[in-house]
Amino acid sequence: MNDKIFDIAVIGGGPAGLSATLTGRIRNKQIALFEHLEFSEKLQKAHLVDNYLGIPQVTGAGLMQHFSSHCLAHQPELIKEKVTNVFPSEDTFIIVTSQTTYQAKAVILATGVVPTVLFAGEREFLGRGVSYCATCDGMFYKDKDVAVISYTAEGEHEASYLSELCRTVYYLPRYKGTVPESRGNIHVLSAIPKKIIGDTGVEKLATDQDDLKVDGVFILRQSDPVENILPGIELNGEVIKVGRDMATNIPGVFAAGDCTGQPWQIAKAVGEGVVAVLSAIQYLQEHSK
Ligand SMILES: Cc1cc2nc3c(=O)[nH]c(=O)nc-3n(C[C@H](O)[C@H](O)[C@H](O)COP(=O)(O)OP(=O)(O)OC[C@H]3O[C@@H](n4cnc5c(N)ncnc54)[C@H](O)[C@@H]3O)c2cc1C
């Protein structure tokens, strides 16, 4: 557990999160910025962006370079870890990452949207064999068999960690590029996962090839369904329900950017980031009286 209590934890380093962080730092708040991948890998893929006011004809990567260098010049604490859970506690929020825990007085969710079709059985068995964090839940599978479905190369570390605890680790990489070779008790499979099957808990992972008999399935995506990160958050369809002040239904939790809904555009994400952090600062002022 990191002992420092941040004023605001910003989860996600895309346009919304960087914008919130910049304004928060200008207002002299202690900000922890959580980003586990590149700053908006999604936007970095855009060949040409020509609708952001004042910066015409720029690549997505170029624009993110402007955004991130401006934000980081104001020295937020950048934490290159994936947030797996946020829990409200007495006066703060506990932010759980794949490595440790942090505390903050307010939270801004700026996780973007990754179109995600959940596996059949995923929601049903969440917490009963399905997990999004090996470091958090790995010990429950000591000497058991697990599968790791990973959409990012980060999953390779998680599979290695699990291989120290578990009897067998089936690793199913779902990303492009070089994938690791099978080694020791880690079996790297090209099979396409289809369905999680069980009764009271997970028993099998069905794939397009074989059914794997497993006790647990770890699913590592670029972004997890937000309701799994922060249980109890109110959604509007698949996006986070917010008011004009970007407040969610949970006091002290705000949201900005694509995760609050359309239009999915940079300018909207940047603007919402500013509103969210100003609302968070007002919340801090009201709660420090
Ligand atoms: C190919 C492409 C081209 C586009 N072109 C344009 C364009 O020309 N103009 C335009 O206005 N818009 C464009 N968009 C849309 C634009 O990219 C988005 O609207 C914008 O990036 C949204 O910003 P955001 O900060 O809300 O989310 P994102 O940019 O998605 O950023 C979210 C960040 O949060 C991080 N994250 C997620 N979960 C966690 C977690 N649990 N822990 C830590 N970090 C986490 C992610 O790694 C990511 O970096 C384009 C999108 C794509 C895909």
# chains A, B, ... in the order shown; residues from 1 in each chain; ligands from 1
$ closest_atom_pairs --of "region 105-133 of chain A" --to "region 238-254 of chain A" --cutoff "7 Å" --atoms "only C-alpha atoms" --output "tab-separated table"
residue	atom	partner	partner_atom	distance
A:Ala106	CA	A:Gly252	CA	4.8
A:Val107	CA	A:Val253	CA	4.8
A:Ile108	CA	A:Phe254	CA	4.7
A:Leu109	CA	A:Phe254	CA	6.2
$ residues_near_ligand --ligand "ligand 1" --cutoff "7 Å" --atoms "only C-alpha atoms and all ligand atoms" --output "number ranges by chain"
A: 11-17, 34-43, 45-46, 48-52, 81-84, 110-113, 222-224, 256-259, 264-267, 269
$ residues_around --residues "Gly216 (chain A)" --least-positions-apart "2" --cutoff "8 Å" --atoms "only C-alpha atoms" --output "PyMOL selection string"
chain A and resi 129-131+141+145-147+202-203+214+218
$ closest_residue --among "A:Ile95, A:Leu205, A:Ala276, A:Val148" --to "Ile186 (chain A)" --atoms "only C-alpha atoms"
A:Val148
$ select_by_dssp --residues "region 245-283 of chain A" --states "strand (DSSP E or B)" --output "PyMOL selection string"
chain A and resi 247+253-255
$ residues_around --residues "Met139 (chain A)" --least-positions-apart "2" --cutoff "9 Å" --atoms "only C-alpha atoms" --output "MDAnalysis selection string"
chainID A and resid 134:137 141:142 162 165:166
$ atom_distance --atom1 "CA of Ala191 (chain A)" --atom2 "CA of Val179 (chain A)"
13.2 Å
$ select_by_dssp --residues "region 25-165 of chain A" --states "helix (DSSP H, G or I)" --output "PyMOL selection string"
chain A and resi 25-26+41-44+60-72+134-141+155-165
$ closest_residue --among "A:Lys194, A:Lys268, A:Arg221, A:Lys4" --to "Glu77 (chain A)" --atoms "only C-alpha atoms"
A:Lys4
$ atom_distance --atom1 "CA of Pro173 (chain A)" --atom2 "CA of Tyr151 (chain A)"
6.4 Å
$ atom_distance --atom1 "CA of Leu78 (chain A)" --atom2 "CA of Ser150 (chain A)"
23.8 Å
$ residues_around --residues "Val274 (chain A)" --least-positions-apart "4" --cutoff "8 Å" --atoms "only C-alpha atoms" --output "PDB file with N, CA and C atoms, in the first residue's frame"
ATOM      1  N   ALA A  16      -9.082  12.893 -22.191  1.00  0.00           N
ATOM      2  CA  ALA A  16      -9.895  13.305 -21.038  1.00  0.00           C
ATOM      3  C   ALA A  16      -9.064  13.304 -19.757  1.00  0.00           C
ATOM      4  N   SER A  19      -6.304  15.991 -19.766  1.00  0.00           N
ATOM      5  CA  SER A  19      -6.883  17.323 -19.593  1.00  0.00           C
ATOM      6  C   SER A  19      -7.266  17.542 -18.126  1.00  0.00           C
ATOM      7  N   ALA A  20      -7.902  16.560 -17.509  1.00  0.00           N
ATOM      8  CA  ALA A  20      -8.272  16.670 -16.088  1.00  0.00           C
ATOM      9  C   ALA A  20      -7.022  16.832 -15.229  1.00  0.00           C
ATOM     10  N   THR A  23      -5.373  20.455 -15.573  1.00  0.00           N
ATOM     11  CA  THR A  23      -6.093  21.498 -14.825  1.00  0.00           C
ATOM     12  C   THR A  23      -5.967  21.262 -13.321  1.00  0.00           C
ATOM     13  N   VAL A 270     -11.644  16.323 -23.905  1.00  0.00           N
ATOM     14  CA  VAL A 270     -10.806  17.344 -23.253  1.00  0.00           C
ATOM     15  C   VAL A 270     -11.678  18.272 -22.398  1.00  0.00           C
ATOM     16  N   LEU A 278     -12.722  20.185 -12.123  1.00  0.00           N
ATOM     17  CA  LEU A 278     -13.200  21.346 -11.358  1.00  0.00           C
ATOM     18  C   LEU A 278     -14.295  20.901 -10.381  1.00  0.00           C
TER      19      LEU A 278
END
